[in-house]
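A.B. asks: query-v9.csv (CSV, C-alpha atoms) pasted underneath:
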```
chain,number,residue,atom,x,y,z
Y,18,MET,CA,-6.2,-0.1,-19.6
Y,19,ARG,CA,-6.6,-3.7,-18.5
Y,20,LEU,CA,-2.9,-3.9,-18.0
Y,21,LEU,CA,-2.8,-0.7,-16.0
Y,22,ARG,CA,-5.7,-2.0,-14.0
Y,23,SER,CA,-3.7,-5.1,-13.2
Y,24,LEU,CA,-1.0,-2.9,-11.7
Y,25,PHE,CA,-3.4,-1.6,-9.1
Y,26,ILE,CA,-5.0,-5.0,-8.6
Y,27,LEU,CA,-1.7,-6.2,-7.1
Y,28,LEU,CA,0.1,-3.2,-5.9
Y,29,ALA,CA,-0.9,-0.8,1.9
Y,30,THR,CA,0.2,1.9,4.6
Y,31,ILE,CA,-1.4,6.3,10.9
Y,32,THR,CA,0.0,10.2,12.2
Y,33,ALA,CA,3.7,10.4,12.7
Y,34,ALA,CA,3.3,11.9,16.2
Y,35,SER,CA,4.6,8.7,17.7
Y,36,ALA,CA,7.3,8.2,15.1
Y,37,GLN,CA,10.7,7.3,16.4
Y,38,SER,CA,14.2,7.5,14.8
Y,39,PRO,CA,15.7,4.3,13.5
Y,40,LYS,CA,18.2,2.5,15.6
Y,41,PRO,CA,21.4,2.6,13.6
Y,42,GLU,CA,22.6,-0.7,14.8
Y,43,LEU,CA,19.5,-2.4,13.3
Y,44,ILE,CA,20.1,-1.2,9.8
Y,45,SER,CA,23.1,-2.6,7.9
Y,46,PRO,CA,25.4,-0.4,5.8
Y,47,GLN,CA,24.2,-2.3,2.7
Y,48,VAL,CA,20.6,-1.4,3.4
Y,49,LYS,CA,21.5,2.2,4.2
Y,50,LEU,CA,23.3,2.6,0.9
Y,51,ALA,CA,20.4,0.9,-1.1
Y,52,VAL,CA,17.9,3.3,0.6
Y,53,GLU,CA,20.0,6.4,-0.1
Y,54,LYS,CA,20.4,5.4,-3.8
Y,55,ALA,CA,16.7,4.7,-4.2
Y,56,VAL,CA,15.8,8.1,-2.6
Y,57,GLU,CA,18.1,9.9,-5.0
Y,58,TRP,CA,16.7,8.0,-8.0
Y,59,LEU,CA,13.1,8.8,-7.1
Y,60,MET,CA,13.9,12.4,-6.7
Y,61,ARG,CA,15.4,12.5,-10.2
Y,62,GLN,CA,12.2,11.2,-11.6
Y,63,GLN,CA,10.1,14.1,-10.3
Y,64,LYS,CA,8.6,16.4,-12.9
Y,65,ALA,CA,8.3,20.2,-12.7
Y,66,SER,CA,4.7,19.9,-11.6
Y,67,GLY,CA,5.6,17.7,-8.7
Y,68,HIS,CA,4.5,14.2,-9.9
Y,69,ILE,CA,6.8,11.2,-9.8
Y,70,VAL,CA,6.3,8.9,-12.8
Y,71,ASP,CA,8.3,7.0,-15.4
Y,72,GLU,CA,7.0,9.0,-18.3
Y,73,LYS,CA,9.5,11.5,-19.8
Y,74,SER,CA,7.0,14.1,-20.7
Y,75,ASP,CA,7.1,17.2,-18.5
Y,76,SER,CA,4.0,18.9,-19.8
Y,77,LYS,CA,1.9,20.7,-17.2
Y,78,PRO,CA,-1.1,18.6,-16.1
Y,79,LYS,CA,-4.6,20.1,-15.9
Y,80,ARG,CA,-6.5,19.9,-12.6
Y,81,GLY,CA,-9.0,17.1,-12.7
Y,82,ASP,CA,-7.4,15.6,-15.8
Y,83,LEU,CA,-4.1,14.2,-14.7
Y,84,PRO,CA,-1.8,11.8,-16.6
Y,85,SER,CA,-3.0,8.2,-16.2
Y,86,HIS,CA,-2.5,6.9,-12.6
Y,87,SER,CA,-0.1,9.8,-11.9
Y,88,ALA,CA,-1.7,10.8,-8.6
Y,89,ALA,CA,-1.7,7.2,-7.3
Y,90,MET,CA,1.8,6.6,-8.4
Y,91,THR,CA,3.1,9.8,-6.9
Y,92,SER,CA,1.3,8.9,-3.7
Y,93,LEU,CA,3.1,5.5,-3.7
Y,94,ALA,CA,6.5,7.2,-4.2
Y,95,LEU,CA,5.7,9.8,-1.5
Y,96,MET,CA,5.0,7.0,1.0
Y,97,GLY,CA,8.3,5.3,0.0
Y,98,LEU,CA,10.2,8.5,0.6
Y,99,ALA,CA,8.4,9.3,3.9
Y,100,SER,CA,8.9,5.7,5.1
Y,101,VAL,CA,12.6,6.4,5.5
Y,102,GLY,CA,12.1,9.8,7.1
Y,103,HIS,CA,11.6,12.4,4.3
Y,104,MET,CA,8.5,14.3,5.1
Y,105,PRO,CA,6.8,17.1,3.1
Y,106,ASP,CA,7.4,19.7,5.7
Y,107,ASP,CA,11.2,19.1,6.0
Y,108,PRO,CA,13.3,22.0,4.8
Y,109,ASN,CA,16.0,19.9,3.1
Y,110,PRO,CA,15.9,19.0,-0.6
Y,111,GLN,CA,14.3,15.7,0.0
Y,112,GLY,CA,11.5,17.3,2.1
Y,113,GLN,CA,11.0,20.0,-0.5
Y,114,ALA,CA,10.6,17.3,-3.2
Y,115,CYS,CA,8.0,15.5,-1.0
Y,116,GLY,CA,6.2,18.8,-0.5
Y,117,ARG,CA,6.0,19.3,-4.3
Y,118,ALA,CA,4.7,15.8,-4.7
Y,119,LEU,CA,2.0,16.3,-2.0
Y,120,ARG,CA,0.9,19.6,-3.6
Y,121,PHE,CA,0.6,17.9,-7.0
Y,122,VAL,CA,-1.8,15.3,-5.5
Y,123,VAL,CA,-3.8,17.8,-3.4
Y,124,GLU,CA,-4.1,20.5,-6.0
Y,125,GLY,CA,-4.3,18.3,-9.1
Y,126,ILE,CA,-7.1,16.0,-8.0
Y,127,GLU,CA,-10.6,17.2,-8.5
Y,128,PRO,CA,-12.8,15.0,-6.3
Y,129,ASP,CA,-16.3,14.4,-7.6
Y,130,GLU,CA,-19.4,15.4,-5.6
Y,131,ASN,CA,-19.0,12.2,-3.6
Y,132,GLY,CA,-15.4,12.6,-2.6
Y,133,TYR,CA,-14.1,10.1,-5.2
Y,134,LEU,CA,-10.3,10.6,-5.7
Y,135,GLY,CA,-9.8,7.9,-8.4
Y,136,ARG,CA,-11.4,9.8,-11.2
Y,137,SER,CA,-8.9,12.5,-12.0
Y,138,ASP,CA,-6.1,10.1,-12.9
Y,139,ARG,CA,-8.4,7.2,-13.8
Y,140,SER,CA,-6.9,4.9,-11.1
Y,141,ARG,CA,-10.4,4.1,-9.8
Y,142,MET,CA,-10.9,2.6,-6.4
Y,143,TYR,CA,-7.3,1.3,-6.3
Y,144,GLY,CA,-6.1,4.8,-6.6
Y,145,HIS,CA,-8.7,6.1,-4.2
Y,146,GLY,CA,-7.4,3.8,-1.5
Y,147,ILE,CA,-3.8,4.6,-2.2
Y,148,ILE,CA,-4.3,8.3,-2.3
Y,149,SER,CA,-6.5,8.3,0.8
Y,150,LEU,CA,-4.0,6.3,2.7
Y,151,MET,CA,-1.1,8.6,1.7
Y,152,LEU,CA,-3.1,11.7,2.7
Y,153,ALA,CA,-4.0,10.3,6.1
Y,154,GLU,CA,-0.3,9.3,6.7
Y,155,MET,CA,0.8,12.9,5.8
Y,156,ILE,CA,-1.5,14.6,8.3
Y,157,GLY,CA,0.6,17.0,10.3
Y,158,HIS,CA,3.3,17.2,7.7
Y,159,ALA,CA,1.7,19.5,5.0
Y,160,PRO,CA,4.2,22.1,3.7
Y,161,ASP,CA,1.7,24.9,4.1
Y,162,GLU,CA,-1.6,25.8,5.7
Y,163,ALA,CA,-3.6,25.7,2.5
Y,164,THR,CA,-2.5,22.2,1.6
Y,165,ASP,CA,-3.2,21.0,5.2
Y,166,LYS,CA,-6.7,22.4,5.0
Y,167,ARG,CA,-7.5,20.8,1.7
Y,168,MET,CA,-6.0,17.5,2.8
Y,169,HIS,CA,-8.4,17.4,5.8
Y,170,SER,CA,-11.4,18.0,3.5
Y,171,MET,CA,-10.3,15.4,0.9
Y,172,ILE,CA,-9.7,12.7,3.6
Y,173,GLU,CA,-13.1,13.4,5.3
Y,174,ASN,CA,-15.0,13.0,2.0
Y,175,ALA,CA,-12.8,10.1,0.8
Y,176,VAL,CA,-13.6,8.1,4.0
Y,177,LYS,CA,-17.3,8.7,3.5
Y,178,LEU,CA,-17.1,7.4,-0.1
Y,179,ILE,CA,-15.3,4.3,1.1
Y,180,LEU,CA,-17.9,3.7,3.7
Y,181,ARG,CA,-20.8,4.2,1.2
Y,182,SER,CA,-19.1,1.9,-1.3
Y,183,GLN,CA,-18.8,-0.9,1.3
Y,184,GLN,CA,-22.6,-0.6,2.0
Y,185,VAL,CA,-23.6,-1.3,-1.6
Y,186,PRO,CA,-25.8,-4.4,-1.6
Y,187,LYS,CA,-23.6,-7.5,-2.2
Y,188,SER,CA,-23.8,-11.3,-1.9
Y,189,GLU,CA,-22.8,-12.9,1.4
Y,190,ALA,CA,-19.4,-13.8,0.1
Y,191,ASN,CA,-18.6,-10.2,-1.1
Y,192,ARG,CA,-20.2,-8.3,1.8
Y,193,GLY,CA,-17.7,-6.0,3.6
Y,194,GLY,CA,-15.3,-5.6,0.7
Y,195,TRP,CA,-14.7,-3.4,-2.3
Y,196,ARG,CA,-13.9,-3.6,-6.0
Y,197,TYR,CA,-13.2,-1.5,-9.1
Y,198,GLU,CA,-15.8,1.3,-8.7
Y,199,PRO,CA,-17.7,2.8,-5.7
Y,200,SER,CA,-20.9,1.2,-7.0
Y,201,SER,CA,-19.4,-2.3,-7.6
Y,202,SER,CA,-21.5,-5.2,-6.2
Y,203,ASP,CA,-18.6,-7.6,-5.9
Y,204,SER,CA,-15.3,-7.5,-4.1
Y,205,ASP,CA,-11.7,-8.7,-4.2
Y,206,ILE,CA,-8.9,-8.7,-1.7
Y,207,SER,CA,-6.5,-6.4,-3.6
Y,208,VAL,CA,-8.9,-3.5,-3.8
Y,209,SER,CA,-10.3,-4.2,-0.3
Y,210,VAL,CA,-6.9,-4.1,1.4
Y,211,TRP,CA,-6.2,-0.6,0.1
Y,212,GLN,CA,-9.5,0.6,1.5
Y,213,VAL,CA,-8.9,-1.1,4.8
Y,214,MET,CA,-5.5,0.5,5.2
Y,215,ALA,CA,-6.9,3.9,4.3
Y,216,LEU,CA,-9.7,3.6,6.8
Y,217,ARG,CA,-7.3,2.5,9.5
Y,218,ALA,CA,-5.0,5.4,8.8
Y,219,ALA,CA,-7.8,7.9,8.8
Y,220,LYS,CA,-9.2,6.6,12.1
Y,221,ASN,CA,-5.8,6.9,13.7
Y,222,ALA,CA,-5.5,10.4,12.3
Y,223,GLY,CA,-8.7,11.4,14.1
Y,224,PHE,CA,-11.3,10.9,11.4
Y,225,ASP,CA,-14.6,9.2,12.2
Y,226,VAL,CA,-14.5,5.5,11.1
Y,227,PRO,CA,-17.2,3.3,12.5
Y,228,LYS,CA,-16.0,0.1,14.2
Y,229,GLU,CA,-18.6,-1.8,12.2
Y,230,ALA,CA,-16.9,-0.9,9.0
Y,231,ILE,CA,-13.6,-2.3,10.1
Y,232,ASP,CA,-15.3,-5.4,11.5
Y,233,ASN,CA,-17.1,-6.1,8.3
Y,234,ALA,CA,-13.9,-5.6,6.3
Y,235,VAL,CA,-12.0,-8.0,8.6
Y,236,ALA,CA,-14.8,-10.6,8.2
Y,237,TYR,CA,-14.5,-10.2,4.4
Y,238,ILE,CA,-10.8,-10.7,4.4
Y,239,LYS,CA,-11.1,-13.8,6.6
Y,240,ARG,CA,-13.5,-15.3,4.1
Y,241,SER,CA,-10.7,-15.2,1.6
Y,242,TYR,CA,-8.5,-17.4,3.7
Y,243,ARG,CA,-8.4,-20.8,2.0
Y,244,VAL,CA,-8.5,-23.5,4.6
Y,245,GLU,CA,-10.9,-26.2,5.8
Y,246,ARG,CA,-12.6,-25.3,9.0
Y,247,ASP,CA,-14.2,-27.4,11.8
Y,248,SER,CA,-17.8,-27.1,13.0
Y,249,ASN,CA,-16.8,-24.0,15.1
Y,250,GLY,CA,-15.2,-22.2,12.2
Y,251,ASN,CA,-11.6,-22.8,13.3
Y,252,PRO,CA,-9.0,-23.6,10.7
Y,253,LYS,CA,-8.0,-27.3,10.7
Y,254,ALA,CA,-4.5,-26.5,9.3
Y,255,ASP,CA,-1.7,-24.4,10.8
Y,256,ASN,CA,-0.8,-22.8,7.4
Y,257,ALA,CA,-2.8,-21.6,4.4
Y,258,ALA,CA,-3.0,-18.9,1.8
Y,259,PHE,CA,-5.4,-16.0,1.1
Y,260,SER,CA,-7.1,-16.0,-2.3
Y,261,TYR,CA,-7.9,-13.2,-4.6
Y,262,GLU,CA,-11.7,-13.6,-4.0
Y,263,PRO,CA,-13.6,-15.3,-1.2
Y,264,TYR,CA,-13.9,-19.1,-1.6
Y,265,GLY,CA,-12.0,-19.0,-4.8
Y,266,GLY,CA,-9.5,-17.4,-7.1
Y,267,ARG,CA,-5.8,-17.6,-7.3
Y,268,GLN,CA,-3.7,-18.1,-4.1
Y,269,THR,CA,-0.3,-16.4,-4.3
Y,270,PHE,CA,2.3,-15.1,-1.9
Y,271,SER,CA,1.2,-11.5,-2.8
Y,272,THR,CA,-2.5,-12.0,-1.9
Y,273,THR,CA,-1.4,-14.0,1.2
Y,274,ALA,CA,1.0,-11.3,2.4
Y,275,ALA,CA,-1.7,-8.6,1.8
Y,276,GLY,CA,-4.2,-10.5,3.9
Y,277,LEU,CA,-1.6,-11.0,6.6
Y,278,LEU,CA,-0.8,-7.3,6.9
Y,279,SER,CA,-4.3,-5.9,6.6
Y,280,LEU,CA,-5.6,-8.1,9.5
Y,281,GLN,CA,-2.8,-7.0,11.7
Y,282,VAL,CA,-3.3,-3.3,11.1
Y,283,CYS,CA,-6.9,-3.9,12.2
Y,284,GLY,CA,-5.7,-5.4,15.5
Y,285,GLN,CA,-6.1,-9.0,14.6
Y,286,TYR,CA,-2.5,-9.9,15.7
Y,287,GLU,CA,-3.3,-13.3,17.1
Y,288,ALA,CA,-6.1,-14.4,14.7
Y,289,PRO,CA,-5.5,-18.0,13.4
Y,290,GLU,CA,-5.6,-16.6,9.9
Y,291,VAL,CA,-2.6,-14.4,10.7
Y,292,LEU,CA,-0.5,-17.2,12.2
Y,293,GLY,CA,-1.5,-19.6,9.4
Y,294,SER,CA,-0.7,-17.1,6.6
Y,295,ALA,CA,2.7,-16.2,8.2
Y,296,ASN,CA,3.5,-19.9,8.4
Y,297,TRP,CA,2.5,-20.4,4.8
Y,298,LEU,CA,4.8,-17.5,3.8
Y,299,ILE,CA,7.7,-19.2,5.5
Y,300,LYS,CA,7.2,-22.1,3.2
Y,301,PHE,CA,6.5,-20.0,0.1
Y,302,PRO,CA,8.6,-16.8,0.3
Y,303,PRO,CA,8.7,-14.3,-2.6
Y,304,GLU,CA,11.1,-14.9,-5.4
Y,305,ILE,CA,12.4,-12.1,-7.7
Y,306,ASN,CA,11.2,-13.6,-10.9
Y,307,GLU,CA,7.7,-14.5,-10.0
Y,308,PRO,CA,4.6,-12.5,-10.8
Y,309,TRP,CA,4.0,-9.3,-8.9
Y,310,PHE,CA,7.2,-9.7,-6.8
Y,311,PHE,CA,7.5,-6.1,-5.7
Y,312,TYR,CA,3.9,-5.7,-4.6
Y,313,GLY,CA,4.1,-9.0,-2.7
Y,314,CYS,CA,7.5,-8.3,-1.2
Y,315,TYR,CA,6.2,-5.1,0.2
Y,316,TYR,CA,3.3,-6.7,2.1
Y,317,TYR,CA,5.5,-9.7,3.0
Y,318,ALA,CA,8.2,-7.5,4.6
Y,319,GLN,CA,5.7,-5.4,6.5
Y,320,GLY,CA,3.3,-8.2,7.5
Y,321,MET,CA,6.0,-10.6,8.7
Y,322,TYR,CA,7.7,-7.7,10.7
Y,323,GLN,CA,4.4,-7.1,12.5
Y,324,ARG,CA,4.2,-10.8,13.3
Y,325,GLY,CA,7.6,-10.7,14.9
Y,326,GLY,CA,9.9,-13.5,16.1
Y,327,ASP,CA,11.3,-16.0,13.7
Y,328,HIS,CA,8.8,-14.9,11.0
Y,329,ALA,CA,10.1,-11.3,11.1
Y,330,ALA,CA,13.8,-12.4,11.2
Y,331,THR,CA,13.3,-14.8,8.2
Y,332,ALA,CA,11.5,-12.2,6.2
Y,333,ARG,CA,14.0,-9.5,6.9
Y,334,GLN,CA,16.9,-11.6,5.7
Y,335,LYS,CA,15.0,-12.7,2.6
Y,336,THR,CA,13.9,-9.2,1.7
Y,337,GLU,CA,17.2,-7.5,2.2
Y,338,GLN,CA,19.2,-10.1,0.4
Y,339,THR,CA,16.9,-10.3,-2.6
Y,340,LEU,CA,16.4,-6.5,-3.0
Y,341,ILE,CA,20.0,-5.5,-2.5
Y,342,ALA,CA,21.1,-8.1,-5.2
Y,343,ALA,CA,18.4,-6.9,-7.6
Y,344,GLN,CA,19.0,-3.1,-7.3
Y,345,GLY,CA,20.3,-1.3,-10.4
Y,346,ASN,CA,23.5,0.7,-10.4
Y,347,ASP,CA,21.4,3.9,-10.7
Y,348,GLY,CA,19.5,3.1,-7.5
Y,349,SER,CA,16.3,1.9,-9.1
Y,350,TRP,CA,14.5,-1.5,-9.3
Y,351,TYR,CA,12.7,-2.7,-12.4
Y,352,PRO,CA,10.1,-5.5,-12.5
Y,353,ARG,CA,11.2,-8.7,-14.2
Y,354,ASN,CA,8.1,-10.7,-14.8
Y,355,GLY,CA,5.0,-10.4,-17.0
Y,356,ASN,CA,2.5,-7.7,-16.4
Y,357,GLU,CA,4.5,-6.2,-13.6
Y,358,LYS,CA,7.1,-5.0,-16.2
Y,359,SER,CA,4.5,-2.6,-17.5
Y,360,ALA,CA,4.3,-1.0,-14.1
Y,361,GLY,CA,7.7,0.5,-14.4
Y,362,ALA,CA,10.6,1.5,-12.2
Y,363,VAL,CA,8.9,4.2,-10.1
Y,364,TYR,CA,6.4,1.6,-9.0
Y,365,ALA,CA,9.1,-1.1,-8.3
Y,366,THR,CA,11.5,1.3,-6.6
Y,367,SER,CA,8.8,2.8,-4.4
Y,368,LEU,CA,7.7,-0.6,-3.2
Y,369,ALA,CA,11.3,-1.8,-2.7
Y,370,LEU,CA,11.9,1.3,-0.6
Y,371,LEU,CA,8.8,0.5,1.5
Y,372,SER,CA,10.0,-3.1,1.9
Y,373,LEU,CA,13.4,-2.0,3.2
Y,374,SER,CA,11.9,0.6,5.6
Y,375,VAL,CA,10.4,-1.7,8.3
Y,376,HIS,CA,12.9,-0.8,11.0
Y,377,HIS,CA,12.6,3.0,10.5
Y,378,HIS,CA,9.1,3.4,11.9
Y,379,TYR,CA,8.6,6.8,10.4
Y,380,LEU,CA,5.1,6.0,8.9
Y,381,PRO,CA,2.7,5.2,11.6
Y,382,ILE,CA,1.1,2.3,9.6
Y,383,TYR,CA,4.3,0.3,10.3
Y,384,GLN,CA,4.4,0.8,14.0
Y,385,LYS,CA,3.2,-2.0,16.2
```
As structure tokens, how would this structure be written, given the file I've shared?
C.D. replies:
Amino acid sequence: MRLLRSLFILLATITAASAQSPKPELISPQVKLAVEKAVEWLMRQQKASGHIVDEKSDSKPKRGDLPSHSAAMTSLALMGLASVGHMPDDPNPQGQACGRALRFVVEGIEPDENGYLGRSDRSRMYGHGIISLMLAEMIGHAPDEATDKRMHSMIENAVKLILRSQQVPKSEANRGGWRYEPSSSDSDISVSVWQVMALRAAKNAGFDVPKEAIDNAVAYIKRSYRVERDSNGNPKADNAAFSYEPYGGRQTFSTTAAGLLSLQVCGQYEAPEVLGSANWLIKFPPEINEPWFFYGCYYYAQGMYQRGGDHAATARQKTEQTLIAAQGNDGSWYPRNGNEKSAGAVYATSLALLSLSVHHHYLPIYQK
């Protein structure tokens, strides 16, 4: 369980009304082929009940008691497929597969009385954030009216739970963030980023999200930026990393990339923490054999794209070269390092697909 928890510690993605088609000249033939192979592979992993997981068992899950992390993992795969244009209401085979995946999540999860989505598959607040984000991204693309109606109810209650969880009394350092359970009195950047992304997606989809909640989350994330500051609170250095927890904890490219993207989706495009973390990632880009490469690469690709200019160009080249070289012949990716190996190929392939999709703009979270 601790290992599975680590998966969601380091595993973030508002409606597609403004989505636009990709410009073919921006996407190389090699990336197109890699994306096509990845989509086909993910579709082959889908079980009869609709969920997309590595496990070979095809037994029918019970509502409210789903296979471990299956709703969160299916949500991640669904976002990967949707990020390159395959929506649950499309009539083609890819769209039909996405529709079955969405129905599995919507019909299989049994939220508790507070709207908690992370209980049914035991993915806790990590899963709650991932599932909430996916549902908000899919608003307007449900395959049928019943699914659409249930999605709206689930998102509304899920947002309320995120807001209540943020308001649990916490220390000054942890205030504004989230952790493993709705009642947690501490916070970390990995759980918090999922909730921030979910709130932002829900707000853009028309749900009520108070500005104060976003502001408090932004303040929390900025406290995780490890840099010496002057008397006015301004960073003294032009590059630094985000740490796992405020004022301490490990500093990695994955936590830094997560902080970079989350601040930008909250509108903090020119914050010194954004520029400084982007500069740090130029110096310390992701490498395929380091811990949590796929999680970090996903945030790196998306966050640097949002930054634009040389940062985006450098990250695009690094991401595409690394992922194309690492893709298996069957179209999948598999983690190479430590704990990430236990996450499996659906996890890695979904994140790789999201990393390669920055120029498609189908998911609103990626749009500038």
A.B. asks: Interatomic distance between CA of His145 in chain Y and CA of Asn109 in chain Y?
C.D. replies: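 Between CA of His145 in chain Y and CA of Asn109 in chain Y the gap is 29.2 Å.
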A.B. asks: Grab the CA of Ala222 in chain Y to CA of Gln319 in chain Y distance for me, in Å with one decimal place.
C.D. replies: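 Pair CA of Ala222 in chain Y / CA of Gln319 in chain Y returns 20.2 Å.
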A.B. asks: Can you work out which one of Y:Val291, Y:Cys283, Y:Val52, Y:Leu150 has the shortest atom-to-atom distance to Leu368 in chain Y, counting all atoms listed in the file?
C.D. replies: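 Comparing Y:Val291, Y:Cys283, Y:Val52, Y:Leu150 against Leu368 in chain Y, the winner is Y:Val52.
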A.B. asks: If you measure from CA of Lys79 in chain Y to CA of Asp129 in chain Y, what distance in Å do you get, rounded to one decimal?
C.D. replies: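 Between CA of Lys79 in chain Y and CA of Asp129 in chain Y the gap works out to 15.4 Å.
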A.B. asks: Neighbours of Arg240 in chain Y within 12 Å (all atoms listed in the file; same-chain residues fewer than 5 positions away dropped), as a list in words?
C.D. replies: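 Non-adjacent residues within range: Glu189, Ala190, Asn191, Arg192, Gly193, Gly194, Ser204, Asp205, Ile206, Asn233, Ala234, Val235, Glu245, Arg246, Gly250, Pro252, Ala258, Phe259, Ser260, Tyr261, Glu262, Pro263, Tyr264, Gly265, Gly276, Leu280 and Glu290 of chain Y.
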A.B. asks: Output C-alpha atoms of each residue in that selection to a file, as a tab-separated table (two decimals), keeping the file's coordinate frame.
C.D. replies:
```tsv
chain	number	residue	atom	x	y	z
Y	189	GLU	CA	-22.80	-12.90	1.40
Y	190	ALA	CA	-19.40	-13.80	0.10
Y	191	ASN	CA	-18.60	-10.20	-1.10
Y	192	ARG	CA	-20.20	-8.30	1.80
Y	193	GLY	CA	-17.70	-6.00	3.60
Y	194	GLY	CA	-15.30	-5.60	0.70
Y	204	SER	CA	-15.30	-7.50	-4.10
Y	205	ASP	CA	-11.70	-8.70	-4.20
Y	206	ILE	CA	-8.90	-8.70	-1.70
Y	233	ASN	CA	-17.10	-6.10	8.30
Y	234	ALA	CA	-13.90	-5.60	6.30
Y	235	VAL	CA	-12.00	-8.00	8.60
Y	245	GLU	CA	-10.90	-26.20	5.80
Y	246	ARG	CA	-12.60	-25.30	9.00
Y	250	GLY	CA	-15.20	-22.20	12.20
Y	252	PRO	CA	-9.00	-23.60	10.70
Y	258	ALA	CA	-3.00	-18.90	1.80
Y	259	PHE	CA	-5.40	-16.00	1.10
Y	260	SER	CA	-7.10	-16.00	-2.30
Y	261	TYR	CA	-7.90	-13.20	-4.60
Y	262	GLU	CA	-11.70	-13.60	-4.00
Y	263	PRO	CA	-13.60	-15.30	-1.20
Y	264	TYR	CA	-13.90	-19.10	-1.60
Y	265	GLY	CA	-12.00	-19.00	-4.80
Y	276	GLY	CA	-4.20	-10.50	3.90
Y	280	LEU	CA	-5.60	-8.10	9.50
Y	290	GLU	CA	-5.60	-16.60	9.90
```
A.B. asks: Compare Y:Gln285, Y:Thr164, Y:Ser202, Y:Gln62 by their minimum atom-to-atom distance to Leu119 in chain Y, counting only C-alpha atoms, and give me the closest one.
C.D. replies: Y:Thr164
A.B. asks: Looking at only C-alpha atoms, which of Y:Asp71, Y:Glu307, Y:Glu53, Y:Asp165 is the one that sits closest to Val363 in chain Y?
C.D. replies: Y:Asp71
A.B. asks: Could you tell me which of Y:Leu178, Y:Val56, Y:Val101, Y:Ala295 comes closest to Pro128 in chain Y if we count all atoms listed in the file?
C.D. replies: Y:Leu178
A.B. asks: So, counting only C-alpha atoms, which residue among Y:Gly320, Y:Gly116, Y:Gly355, Y:Pro108 is closest to Gln281 in chain Y?
C.D. replies: Y:Gly320
A.B. asks: Need to verify the contact set: Met90 in chain Y, 12 Å, all atoms listed in the file, exclusion of same-chain residues closer than 6 positions in sequence. Can you return it as a compact mmCIF listing (two decimals) with C-alpha atoms, in the coordinates of the input?
C.D. replies:
```
# COMPACT_ATOMS: atom_id res chain seq x y z
CA LEU Y 21 -2.80 -0.70 -16.00
CA LEU Y 24 -1.00 -2.90 -11.70
CA PHE Y 25 -3.40 -1.60 -9.10
CA LEU Y 28 0.10 -3.20 -5.90
CA LEU Y 59 13.10 8.80 -7.10
CA GLN Y 62 12.20 11.20 -11.60
CA GLN Y 63 10.10 14.10 -10.30
CA GLY Y 67 5.60 17.70 -8.70
CA HIS Y 68 4.50 14.20 -9.90
CA ILE Y 69 6.80 11.20 -9.80
CA VAL Y 70 6.30 8.90 -12.80
CA ASP Y 71 8.30 7.00 -15.40
CA GLU Y 72 7.00 9.00 -18.30
CA LEU Y 83 -4.10 14.20 -14.70
CA PRO Y 84 -1.80 11.80 -16.60
CA MET Y 96 5.00 7.00 1.00
CA GLY Y 97 8.30 5.30 0.00
CA ALA Y 118 4.70 15.80 -4.70
CA LEU Y 119 2.00 16.30 -2.00
CA PHE Y 121 0.60 17.90 -7.00
CA VAL Y 122 -1.80 15.30 -5.50
CA GLY Y 135 -9.80 7.90 -8.40
CA ASP Y 138 -6.10 10.10 -12.90
CA ARG Y 139 -8.40 7.20 -13.80
CA SER Y 140 -6.90 4.90 -11.10
CA TYR Y 143 -7.30 1.30 -6.30
CA GLY Y 144 -6.10 4.80 -6.60
CA HIS Y 145 -8.70 6.10 -4.20
CA GLY Y 146 -7.40 3.80 -1.50
CA ILE Y 147 -3.80 4.60 -2.20
CA ILE Y 148 -4.30 8.30 -2.30
CA MET Y 151 -1.10 8.60 1.70
CA ALA Y 360 4.30 -1.00 -14.10
CA GLY Y 361 7.70 0.50 -14.40
CA ALA Y 362 10.60 1.50 -12.20
CA VAL Y 363 8.90 4.20 -10.10
CA TYR Y 364 6.40 1.60 -9.00
CA ALA Y 365 9.10 -1.10 -8.30
CA THR Y 366 11.50 1.30 -6.60
CA SER Y 367 8.80 2.80 -4.40
CA LEU Y 368 7.70 -0.60 -3.20
```
A.B. asks: Which residues are near Asn346 in chain Y? Cut-off 12 Å, all atoms listed in the file, ignore same chain within fewer than 4 positions. Put them as a ChimeraX atom specification.
C.D. replies: /Y:50-51,54-55,57-58,341-342,350-351
A.B. asks: So which one's closest to Arg353 in chain Y, Y:Met155, Y:Ile305, Y:Ala274, Y:Met168? Using all atoms listed in the file, please.
C.D. replies: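 Of Y:Met155, Y:Ile305, Y:Ala274, Y:Met168, the one nearest Arg353 in chain Y is Y:Ile305, counting all atoms listed in the file.
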A.B. asks: Box time for range 328-332 of chain Y: axis-aligned, enclosing all its listed atoms, 8 Å extra on each side; report centre and edge lengths in Å to one decimal, as JSON.
C.D. replies:
```
{"center_x": 11.3, "center_y": -13.1, "center_z": 8.7, "size_x": 21.0, "size_y": 19.6, "size_z": 21.0}
```
